[in-house]
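Next up, start.txt (compact mmCIF, C-alpha atoms and all ligand atoms):
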```txt
# COMPACT_ATOMS: atom_id res chain seq x y z
CA MET A 172 146.59 148.87 80.71
CA LYS A 173 143.71 146.51 80.03
CA VAL A 174 144.19 142.89 79.06
CA ALA A 175 141.53 140.65 77.48
CA PHE A 176 142.12 137.20 78.94
CA TYR A 177 140.53 134.43 76.85
CA ASP A 178 139.71 130.83 77.84
CA ALA A 179 139.96 131.79 81.52
CA LYS A 180 139.72 128.97 84.03
CA PRO A 181 139.35 129.20 87.82
CA TYR A 182 142.90 127.94 88.33
CA ASP A 183 144.32 130.79 86.20
CA ARG A 184 142.98 133.64 88.26
CA PRO A 185 144.81 133.55 91.62
CA GLY A 186 148.28 133.85 90.07
CA PHE A 187 147.30 136.41 87.45
CA ASP A 188 145.35 138.54 89.95
CA ARG A 189 148.34 138.53 92.28
CA TYR A 190 150.94 139.64 89.72
CA ALA A 191 148.67 141.90 87.63
CA ALA A 192 147.87 144.16 90.57
CA ASP A 193 151.57 144.88 91.14
CA ALA A 194 152.11 145.52 87.42
CA GLY A 195 149.13 147.91 87.17
CA LEU A 196 147.21 145.67 84.77
CA GLU A 197 143.44 145.39 84.65
CA ILE A 198 142.52 141.91 83.46
CA LYS A 199 139.13 141.20 81.87
CA TYR A 200 138.58 137.45 82.14
CA TYR A 201 136.49 135.71 79.45
CA ASP A 202 135.55 132.02 79.46
CA THR A 203 135.30 131.96 75.68
CA HIS A 204 138.05 131.16 73.19
CA LEU A 205 139.49 133.88 71.03
CA THR A 206 137.92 133.64 67.56
CA GLU A 207 136.97 136.13 64.87
CA ASP A 208 133.57 136.47 66.57
CA THR A 209 134.90 137.00 70.09
CA ALA A 210 137.80 139.27 69.13
CA SER A 211 135.58 142.31 69.73
CA LEU A 212 135.72 141.57 73.48
CA ALA A 213 139.25 142.96 73.30
CA ALA A 214 138.01 146.47 72.41
CA GLY A 215 139.82 148.96 74.64
CA CYS A 216 142.54 146.43 75.53
CA GLY A 217 146.17 146.77 74.45
CA CYS A 218 146.85 143.10 74.94
CA VAL A 219 145.09 139.76 74.52
CA CYS A 220 146.22 136.89 76.72
CA ILE A 221 145.56 133.47 75.19
CA PHE A 222 146.17 129.76 75.69
CA VAL A 223 146.84 126.72 73.51
CA ASN A 224 143.41 126.38 71.91
CA ASP A 225 142.77 130.02 71.08
CA ILE A 226 143.34 130.12 67.33
CA VAL A 227 144.86 133.33 65.99
CA SER A 228 144.24 133.28 62.24
CA ALA A 229 145.08 136.10 59.83
CA GLU A 230 141.46 137.32 60.14
CA VAL A 231 141.72 137.43 63.93
CA VAL A 232 145.00 139.35 63.65
CA ASP A 233 143.37 142.00 61.44
CA ARG A 234 140.36 142.29 63.75
CA LEU A 235 142.56 142.69 66.82
CA GLN A 236 144.69 145.30 65.10
CA GLU A 237 141.58 147.29 64.12
CA LEU A 238 140.56 147.26 67.78
CA GLY A 239 143.89 148.74 68.83
CA VAL A 240 145.44 145.59 70.31
CA GLN A 241 149.24 145.73 70.15
CA MET A 242 150.40 142.46 71.61
CA ILE A 243 149.45 138.83 72.10
CA ALA A 244 150.64 137.30 75.35
CA LEU A 245 150.59 133.51 75.10
CA ARG A 246 150.48 131.92 78.53
CA CYS A 247 152.13 128.76 77.19
CA ALA A 248 155.31 127.68 75.42
CA GLY A 249 153.94 126.38 72.10
CA PHE A 250 152.72 128.94 69.54
CA ASN A 251 151.55 126.75 66.64
CA ASN A 252 148.02 128.15 67.19
CA VAL A 253 149.17 131.64 66.16
CA ASP A 254 149.67 132.68 62.54
CA THR A 255 152.95 134.44 63.30
CA ARG A 256 153.42 135.36 59.65
CA ALA A 257 150.13 137.29 59.72
CA CYS A 258 151.15 138.91 63.02
CA TYR A 259 154.45 140.25 61.68
CA GLY A 260 154.33 144.04 61.42
CA LYS A 261 150.92 144.14 63.16
CA LEU A 262 150.96 142.43 66.53
CA HIS A 263 153.88 141.51 68.75
CA VAL A 264 153.67 137.94 70.04
CA PHE A 265 155.18 136.81 73.32
CA ARG A 266 155.21 133.40 74.98
CA VAL A 267 156.43 131.71 78.13
CA PRO A 268 159.30 129.58 76.84
CA ALA A 269 159.79 127.71 80.11
CA TYR A 270 157.79 127.44 83.29
CA SER A 271 158.17 123.95 84.66
CA PRO A 272 159.62 121.28 82.41
CA TYR A 273 159.26 119.00 85.45
CA ALA A 274 155.47 119.33 85.37
CA VAL A 275 155.22 118.01 81.81
CA ALA A 276 157.97 115.40 82.08
CA GLU A 277 156.55 114.05 85.35
CA HIS A 278 153.09 113.83 83.78
CA ALA A 279 154.53 111.84 80.87
CA MET A 280 156.08 109.40 83.34
CA ALA A 281 152.84 109.27 85.38
CA MET A 282 150.97 108.26 82.23
CA LEU A 283 153.57 105.66 81.31
CA LEU A 284 153.44 104.09 84.78
CA THR A 285 149.64 104.18 84.79
CA ILE A 286 149.18 102.48 81.42
CA ASN A 287 151.97 99.97 81.95
CA ARG A 288 150.93 98.85 85.44
CA ARG A 289 147.19 99.23 84.66
CA ILE A 290 146.68 101.57 87.59
CA HIS A 291 143.56 103.03 85.94
CA LYS A 292 142.07 99.53 85.76
CA ALA A 293 143.17 98.53 89.27
CA TYR A 294 141.70 101.72 90.75
CA ASN A 295 138.29 100.97 89.26
CA ARG A 296 138.43 97.30 90.24
CA THR A 297 139.22 97.79 93.91
CA ARG A 298 136.53 100.48 94.22
CA GLU A 299 134.09 97.69 93.31
CA PHE A 300 135.83 95.19 95.63
CA ASN A 301 137.12 93.29 92.60
CA PHE A 302 140.53 92.15 93.79
CA SER A 303 141.37 90.02 90.76
CA LEU A 304 144.74 90.64 89.08
CA VAL A 305 143.80 89.00 85.79
CA GLY A 306 144.81 91.23 82.88
CA LEU A 307 146.83 93.67 85.00
CA ALA A 308 150.36 92.44 84.16
CA GLY A 309 152.77 95.14 83.04
CA PHE A 310 156.49 95.10 82.25
CA ASP A 311 159.58 96.31 84.12
CA LEU A 312 160.71 99.69 82.83
CA HIS A 313 164.18 98.82 84.08
CA GLY A 314 166.29 97.60 81.19
CA LYS A 315 163.84 98.80 78.51
CA THR A 316 164.70 101.39 75.85
CA VAL A 317 162.93 104.74 75.65
CA GLY A 318 163.22 107.00 72.59
CA VAL A 319 162.91 110.70 73.31
CA ILE A 320 162.04 112.88 70.29
CA GLY A 321 162.97 116.48 71.07
CA THR A 322 165.65 116.99 73.71
CA GLY A 323 164.85 120.52 74.83
CA LYS A 324 163.87 121.44 78.35
CA ILE A 325 161.12 118.85 78.79
CA GLY A 326 162.72 116.02 76.80
CA ARG A 327 165.90 116.26 78.89
CA VAL A 328 164.02 116.07 82.18
CA PHE A 329 161.98 113.15 80.89
CA GLY A 330 165.18 111.41 79.76
CA SER A 331 166.75 111.80 83.18
CA ILE A 332 163.60 110.50 84.92
CA CYS A 333 163.75 107.44 82.64
CA LYS A 334 167.44 106.96 83.49
CA GLY A 335 166.40 106.93 87.14
CA PHE A 336 164.20 103.96 86.31
CA GLY A 337 167.18 102.14 84.79
CA MET A 338 166.04 102.60 81.19
CA ARG A 339 168.33 103.04 78.19
CA VAL A 340 167.58 106.46 76.72
CA LEU A 341 167.89 107.09 72.97
CA ALA A 342 167.30 110.56 71.59
CA PHE A 343 166.50 112.32 68.35
CA ASP A 344 166.58 116.07 67.85
CA LYS A 345 166.91 118.32 64.83
CA PHE A 346 169.63 120.14 66.76
CA PRO A 347 171.34 117.51 68.94
CA ASP A 348 173.05 118.97 71.99
CA PRO A 349 176.04 116.92 73.22
CA ALA A 350 175.74 118.67 76.59
CA THR A 351 172.62 116.61 77.33
CA GLY A 352 174.78 113.49 77.51
CA MET A 353 171.98 111.66 75.68
CA GLU A 354 172.65 108.96 73.09
CA TYR A 355 171.54 110.55 69.81
CA VAL A 356 170.47 108.26 66.99
CA SER A 357 168.60 108.70 63.70
CA LEU A 358 164.81 108.88 63.87
CA ASP A 359 164.62 105.56 62.09
CA ASP A 360 166.95 103.86 64.59
CA LEU A 361 164.94 105.36 67.45
CA PHE A 362 161.71 103.95 65.98
CA CYS A 363 163.26 100.50 65.50
CA ALA A 364 164.92 100.18 68.92
CA SER A 365 162.49 101.78 71.39
CA ASP A 366 160.04 100.02 73.69
CA VAL A 367 158.62 103.41 74.65
CA ILE A 368 158.59 106.54 72.47
CA SER A 369 157.92 109.96 73.97
CA LEU A 370 157.32 113.14 71.95
CA HIS A 371 158.83 116.40 73.20
CA CYS A 372 159.41 118.42 70.01
CA PRO A 373 157.31 121.40 68.91
CA LEU A 374 154.63 121.12 66.24
CA THR A 375 155.99 122.53 62.99
CA ASP A 376 155.49 121.73 59.30
CA GLU A 377 158.41 119.34 59.68
CA THR A 378 157.11 117.51 62.73
CA HIS A 379 153.45 117.36 61.67
CA HIS A 380 152.52 113.63 61.75
CA ILE A 381 156.06 112.66 62.69
CA ILE A 382 154.30 109.51 63.93
CA ASP A 383 152.45 108.22 60.88
CA LYS A 384 151.83 104.80 59.36
CA ALA A 385 155.37 104.56 57.98
CA ALA A 386 156.82 105.41 61.39
CA ILE A 387 154.59 102.92 63.19
CA ASP A 388 155.55 100.23 60.67
CA ARG A 389 159.19 100.73 61.73
CA MET A 390 158.45 100.40 65.45
CA LYS A 391 158.78 97.39 67.72
CA LYS A 392 155.65 95.32 68.20
CA GLY A 393 154.00 96.38 71.45
CA VAL A 394 155.59 99.84 71.57
CA THR A 395 154.11 102.38 73.99
CA ILE A 396 153.72 105.88 72.54
CA LEU A 397 153.51 108.96 74.77
CA ASN A 398 152.47 112.37 73.50
CA THR A 399 152.53 115.30 75.90
CA SER A 400 153.63 117.74 73.20
CA ARG A 401 151.09 118.59 70.49
CA GLY A 402 148.32 116.44 69.05
CA ALA A 403 149.16 116.78 65.37
CA LEU A 404 152.57 115.19 65.89
CA ILE A 405 150.60 111.94 65.57
CA ASP A 406 148.41 110.90 62.65
CA THR A 407 145.47 109.74 64.75
CA GLU A 408 144.08 107.37 62.12
CA ALA A 409 147.45 105.66 61.77
CA LEU A 410 147.67 105.34 65.56
CA ILE A 411 144.21 103.78 65.81
CA ALA A 412 145.09 101.34 63.01
CA GLY A 413 148.37 100.49 64.76
CA ILE A 414 146.57 99.77 68.03
CA LYS A 415 143.91 97.66 66.31
CA GLU A 416 146.63 95.61 64.59
CA LYS A 417 148.34 95.22 68.00
CA LYS A 418 151.51 96.79 66.61
CA VAL A 419 151.16 99.60 69.12
CA GLY A 420 150.83 98.14 72.61
CA ALA A 421 149.63 101.30 74.34
CA ALA A 422 149.25 105.04 73.87
CA CYS A 423 149.17 107.88 76.40
CA LEU A 424 147.85 111.09 74.95
CA ASP A 425 147.77 114.37 76.82
CA VAL A 426 147.17 116.14 73.53
CA TYR A 427 145.03 115.29 70.55
CA GLU A 428 144.94 116.51 66.95
CA GLU A 429 141.38 117.82 67.17
CA GLU A 430 141.42 118.87 70.82
CA ALA A 431 140.65 122.55 70.31
CA ASP A 432 136.85 122.29 70.59
CA LEU A 433 136.84 119.68 73.34
CA PHE A 434 139.69 119.89 75.81
CA TYR A 435 139.26 122.00 78.95
CA GLU A 436 135.45 121.77 78.71
CA ASP A 437 132.94 119.42 80.39
CA PHE A 438 131.11 117.29 77.80
CA SER A 439 130.07 114.59 80.25
CA GLY A 440 126.37 115.19 79.51
CA HIS A 441 126.81 115.28 75.74
CA ILE A 442 127.32 112.86 72.87
CA VAL A 443 130.85 113.60 71.71
CA GLN A 444 130.83 113.76 67.91
CA ASP A 445 134.53 113.08 67.38
CA ASP A 446 134.51 109.35 66.56
CA LYS A 447 138.29 109.02 66.56
CA LEU A 448 138.61 110.39 70.06
CA VAL A 449 135.71 108.26 71.30
CA ARG A 450 137.36 105.18 69.75
CA LEU A 451 140.66 105.97 71.47
CA ILE A 452 139.05 106.57 74.84
CA ALA A 453 137.18 103.25 74.51
CA MET A 454 140.43 101.32 74.10
CA PRO A 455 141.73 99.68 77.30
CA ASN A 456 145.35 100.38 76.39
CA VAL A 457 144.89 104.10 75.76
CA ILE A 458 144.86 106.90 78.33
CA VAL A 459 143.75 110.36 77.37
CA THR A 460 144.22 113.39 79.62
CA SER A 461 143.02 116.76 78.45
CA HIS A 462 146.23 118.74 77.97
CA GLN A 463 146.91 118.84 81.68
CA ALA A 464 150.61 118.00 81.76
CA PHE A 465 151.50 121.59 82.65
CA LEU A 466 149.04 121.73 85.54
CA THR A 467 151.03 121.99 88.74
CA ASN A 468 150.90 124.83 91.26
CA GLU A 469 154.50 125.71 90.51
CA ALA A 470 153.88 125.89 86.77
CA LEU A 471 150.71 127.99 87.14
CA ASP A 472 152.52 130.50 89.33
CA SER A 473 155.45 130.65 86.97
CA ILE A 474 153.20 131.09 83.91
CA ALA A 475 151.32 133.97 85.57
CA TYR A 476 154.52 135.72 86.64
CA ALA A 477 156.24 135.32 83.24
CA THR A 478 153.16 136.37 81.24
CA VAL A 479 152.56 139.47 83.34
CA THR A 480 156.26 140.32 83.04
CA ASN A 481 156.03 140.02 79.24
CA ILE A 482 153.06 142.41 79.17
CA ARG A 483 154.60 144.89 81.62
CA LYS A 484 157.92 144.99 79.75
CA PHE A 485 156.27 145.40 76.36
CA PHE A 486 154.23 148.41 77.41
CA ALA A 487 157.22 149.88 79.25
CA GLY A 488 159.16 149.66 75.97
CA ILE A 489 161.64 147.12 77.34
CA PRO A 490 162.66 144.59 74.67
CA SER A 491 162.33 140.93 75.58
CA PRO A 492 163.90 139.05 72.67
CA GLU A 493 164.07 135.81 74.62
CA THR A 494 160.26 135.63 74.92
CA GLU A 495 159.12 137.38 71.73
CA VAL A 496 158.10 135.04 68.92
CA CYS A 497 159.22 136.37 65.59
CA TYR A 498 158.08 135.03 62.25
CA ARG A 499 160.83 136.83 60.35
CA CYS A 500 163.91 135.68 62.20
CA GLY A 501 162.64 132.68 64.15
CA ASN A 502 164.33 134.23 67.20
CA GLN A 503 167.88 134.36 65.90
CA PRO A 504 169.86 136.40 68.45
CA ASP A 505 171.63 138.61 65.90
CA CYS A 506 168.47 139.55 63.97
CA ARG A 507 167.16 142.42 66.04
CA GLU A 508 170.36 144.37 66.53
CA ASP A 509 169.58 146.70 63.63
CA ARG A 510 166.10 147.36 64.97
CA ASN A 511 166.98 148.04 68.59
CA LYS A 512 165.98 144.50 69.58
CA LYS A 513 162.39 144.95 68.45
CA CYS A 514 160.80 142.63 65.92
CA PHE A 515 159.34 145.48 63.87
P1 LIG A 601 162.13 123.28 73.85
O1 LIG A 601 162.08 124.37 72.83
O2 LIG A 601 162.99 123.46 75.06
O3 LIG A 601 162.57 121.91 73.14
C1 LIG A 601 162.09 121.48 71.90
C2 LIG A 601 163.14 120.61 71.25
O4 LIG A 601 162.60 120.09 70.04
C3 LIG A 601 164.42 121.37 70.90
O5 LIG A 601 165.56 120.69 71.38
C4 LIG A 601 164.39 121.42 69.38
O6 LIG A 601 165.70 121.40 68.81
C5 LIG A 601 163.63 120.14 69.07
N1 LIG A 601 163.10 120.13 67.72
C6 LIG A 601 162.68 121.16 66.96
N2 LIG A 601 162.31 120.73 65.74
C7 LIG A 601 162.51 119.40 65.73
C8 LIG A 601 162.34 118.40 64.75
N3 LIG A 601 161.91 118.70 63.51
N4 LIG A 601 162.64 117.13 65.08
C9 LIG A 601 163.11 116.83 66.32
N5 LIG A 601 163.31 117.73 67.29
C10 LIG A 601 163.00 119.02 67.00
O7 LIG A 601 160.63 123.01 74.25
P2 LIG A 601 160.08 122.32 75.58
O8 LIG A 601 159.88 123.35 76.63
O9 LIG A 601 160.88 121.14 75.89
O10 LIG A 601 158.61 121.89 75.10
C11 LIG A 601 158.45 120.90 74.11
C12 LIG A 601 157.00 120.90 73.66
O11 LIG A 601 156.17 120.48 74.73
C13 LIG A 601 156.45 122.29 73.29
O12 LIG A 601 156.72 122.60 71.93
C14 LIG A 601 154.97 122.13 73.51
O13 LIG A 601 154.37 121.74 72.29
C15 LIG A 601 154.86 120.98 74.51
N6 LIG A 601 154.30 121.38 75.79
C16 LIG A 601 153.18 120.70 76.24
C17 LIG A 601 152.63 121.02 77.46
C18 LIG A 601 151.45 120.28 77.99
O14 LIG A 601 150.81 120.73 78.95
N7 LIG A 601 151.10 119.11 77.46
C19 LIG A 601 153.15 122.12 78.26
C20 LIG A 601 154.36 122.74 77.73
C21 LIG A 601 154.88 122.38 76.52
```
Do you think you could lay out the structure here as structure tokens?
Ligand code: NAI
Amino acid sequence: MKVAFYDAKPYDRPGFDRYAADAGLEIKYYDTHLTEDTASLAAGCGCVCIFVNDIVSAEVVDRLQELGVQMIALRCAGFNNVDTRACYGKLHVFRVPAYSPYAVAEHAMAMLLTINRRIHKAYNRTREFNFSLVGLAGFDLHGKTVGVIGTGKIGRVFGSICKGFGMRVLAFDKFPDPATGMEYVSLDDLFCASDVISLHCPLTDETHHIIDKAAIDRMKKGVTILNTSRGALIDTEALIAGIKEKKVGAACLDVYEEEADLFYEDFSGHIVQDDKLVRLIAMPNVIVTSHQAFLTNEALDSIAYATVTNIRKFFAGIPSPETEVCYRCGNQPDCREDRNKKCF
């Protein structure tokens, strides 16, 4: 079985090469993103393996189907980049629901500590033998309130890390789970009471711009906003306005609304045309990382193993309802019983 692997990076290959050999897969690695124009690279492949910024539109689905592709193996948890409605009945879509929630939650905390204690500033200063502390004051996390939006695998870990710092943890989730032991409140109460707000919900029609002007207006002055989830959870223009008005004290962004054409690539020798991103990066109280929260050795290994397992099981005819993404049922456990646990 051949697999067309898009947006391949050097750190992807060791894990995938290791597990693919055992599973009898031949992987064709391509640096390029999957688009309508590059879909033809998948000719002769039963599967395309993609990442967060490969956009699978209805046109791409049709092109892949014409080429004989049967499945899309996402090597990530989120699937907002795939038109699952267009895929239904044509291409089976699988994802890696969990690989290391610790990787993402720890990165969120790393960003919070960095921005709050000005580590990024201090690092640059001492490299130039500037040992002044002026402008580097932060605040104790201990005793502050953090609002966690989305209390799934990552949000829970982040909440427990924050508890370790002595923070009060408030939570909001569409489906609150009492087993988390978190203090659930309304979204509005979370906005009003939190010193730090961290996003850990998926990007859906409902959560698109969950942080907008109205939300920022409700927040405490000086709030720190963390986004390690998906860029479009935040209305970037509203965020920039909030920072300029000093309502938002700081922002840590591992994801960005318009990241698809920029993140994971080296533009250091270019003039970046995205003025909003350039404005954010120029702000002293903003840190941007390029969707790297997942990037630990443990997570990479786990992603490779789980993705290869999804591909192997699909072509062996073994259903995998826990990792298949289904437009029709949204993964309800009872849906597939009448179809032998297959989506279509
Ligand atoms: P999860 O599925 O375990 O948890 C998501 C939570 O969000 C669930 O509890 C769900 O009930 C809740 N939710 C759904 N709709 C909501 C709504 N409208 N309002 C509030 N809460 C809602 O997912 P997990 O593994 O915790 O991942 C969370 C997100 O993190 C993913 O969707 C993905 O976008 C992002 N992510 C980012 C990575 C990075 O490298 N920056 C890596 C992995 C995931």
Pairwise distance for atom CA of Ala422 of chain A and atom CA of Asn456 of chain A, rounded to one decimal in Å: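 Interatomic distance, atom CA of Ala422 of chain A to atom CA of Asn456 of chain A: 6.6 Å.
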May I have the residues within 7 Å of ligand LIG 601 (chain A), computed using only C-alpha atoms and all ligand atoms, as a ChimeraX atom specification? /A:247-249,268-269,272,275,320-326,343-347,371-374,377-378,399-401,425-426,462-466
At most 12 Å is the cut-off: for each residue in segment 358-462 of chain A with any atom that close to an atom of segment 196-213 of chain A, write down the nearest atom pair and the distance in Å rounded to one decimal, counting all atoms listed in the file, chain first then increasing number, as JSON lines.
```
{"residue": "A:Ala431", "atom": "CA", "partner": "A:His204", "partner_atom": "CA", "distance": 9.4}
{"residue": "A:Asp432", "atom": "CA", "partner": "A:His204", "partner_atom": "CA", "distance": 9.3}
{"residue": "A:Leu433", "atom": "CA", "partner": "A:His204", "partner_atom": "CA", "distance": 11.5}
{"residue": "A:Phe434", "atom": "CA", "partner": "A:His204", "partner_atom": "CA", "distance": 11.7}
{"residue": "A:Tyr435", "atom": "CA", "partner": "A:Asp202", "partner_atom": "CA", "distance": 10.7}
{"residue": "A:Glu436", "atom": "CA", "partner": "A:Asp202", "partner_atom": "CA", "distance": 10.3}
```
Selected residues written out with C-alpha atoms, as a PDB file, in the coordinates of the input:
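Wrote it out as out25.pdb, contents follow:
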```pdb
ATOM      1  CA  ALA A 431     140.650 122.550  70.310  1.00  0.00           C
ATOM      2  CA  ASP A 432     136.850 122.290  70.590  1.00  0.00           C
ATOM      3  CA  LEU A 433     136.840 119.680  73.340  1.00  0.00           C
ATOM      4  CA  PHE A 434     139.690 119.890  75.810  1.00  0.00           C
ATOM      5  CA  TYR A 435     139.260 122.000  78.950  1.00  0.00           C
ATOM      6  CA  GLU A 436     135.450 121.770  78.710  1.00  0.00           C
TER       7      GLU A 436
END
```
Between atom CA of Ile458 of chain A and atom CA of His291 of chain A, what is the spacing in Å? 8.6 Å
Using all atoms listed in the file, what does the table of segment 273-324 of chain A residues within 10 Å of segment 330-337 of chain A look like, with each row giving the shortest atom pair and its distance in Å to one decimal, sorted by chain and ascending number, as CSV?
```
residue,atom,partner,partner_atom,distance
A:Tyr273,CA,A:Ile332,CA,9.6
A:Ala276,CA,A:Ile332,CA,8.0
A:Glu277,CA,A:Ile332,CA,7.9
A:Met280,CA,A:Ile332,CA,7.8
A:Asp311,CA,A:Phe336,CA,9.2
A:Leu312,CA,A:Phe336,CA,6.5
A:His313,CA,A:Gly337,CA,4.5
A:Gly314,CA,A:Gly337,CA,5.9
A:Lys315,CA,A:Gly337,CA,7.9
A:Thr316,CA,A:Cys333,CA,9.1
A:Val317,CA,A:Cys333,CA,7.5
A:Gly318,CA,A:Gly330,CA,8.6
A:Val319,CA,A:Gly330,CA,6.9
A:Thr322,CA,A:Gly330,CA,8.2
```
Only C-alpha atoms, please: the residues just picked out, written as a CSV table (one decimal), in the frame of the given file.
```csv
chain,number,residue,atom,x,y,z
A,273,TYR,CA,159.3,119.0,85.4
A,276,ALA,CA,158.0,115.4,82.1
A,277,GLU,CA,156.6,114.0,85.4
A,280,MET,CA,156.1,109.4,83.3
A,311,ASP,CA,159.6,96.3,84.1
A,312,LEU,CA,160.7,99.7,82.8
A,313,HIS,CA,164.2,98.8,84.1
A,314,GLY,CA,166.3,97.6,81.2
A,315,LYS,CA,163.8,98.8,78.5
A,316,THR,CA,164.7,101.4,75.8
A,317,VAL,CA,162.9,104.7,75.6
A,318,GLY,CA,163.2,107.0,72.6
A,319,VAL,CA,162.9,110.7,73.3
A,322,THR,CA,165.6,117.0,73.7
```
Quick one: distance from atom CA of Ala403 of chain A to atom CA of Glu428 of chain A in Å, one decimal?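 Going from atom CA of Ala403 of chain A over to atom CA of Glu428 of chain A, I get 4.5 Å.
Residues with any atom within 8 Å of Ala470 of chain A, counting only C-alpha atoms and excluding same-chain neighbours fewer than 3 positions away, are Tyr270, Ser271, Ala274, Phe465, Leu466, Thr467, Ser473 and Ile474 of chain A.
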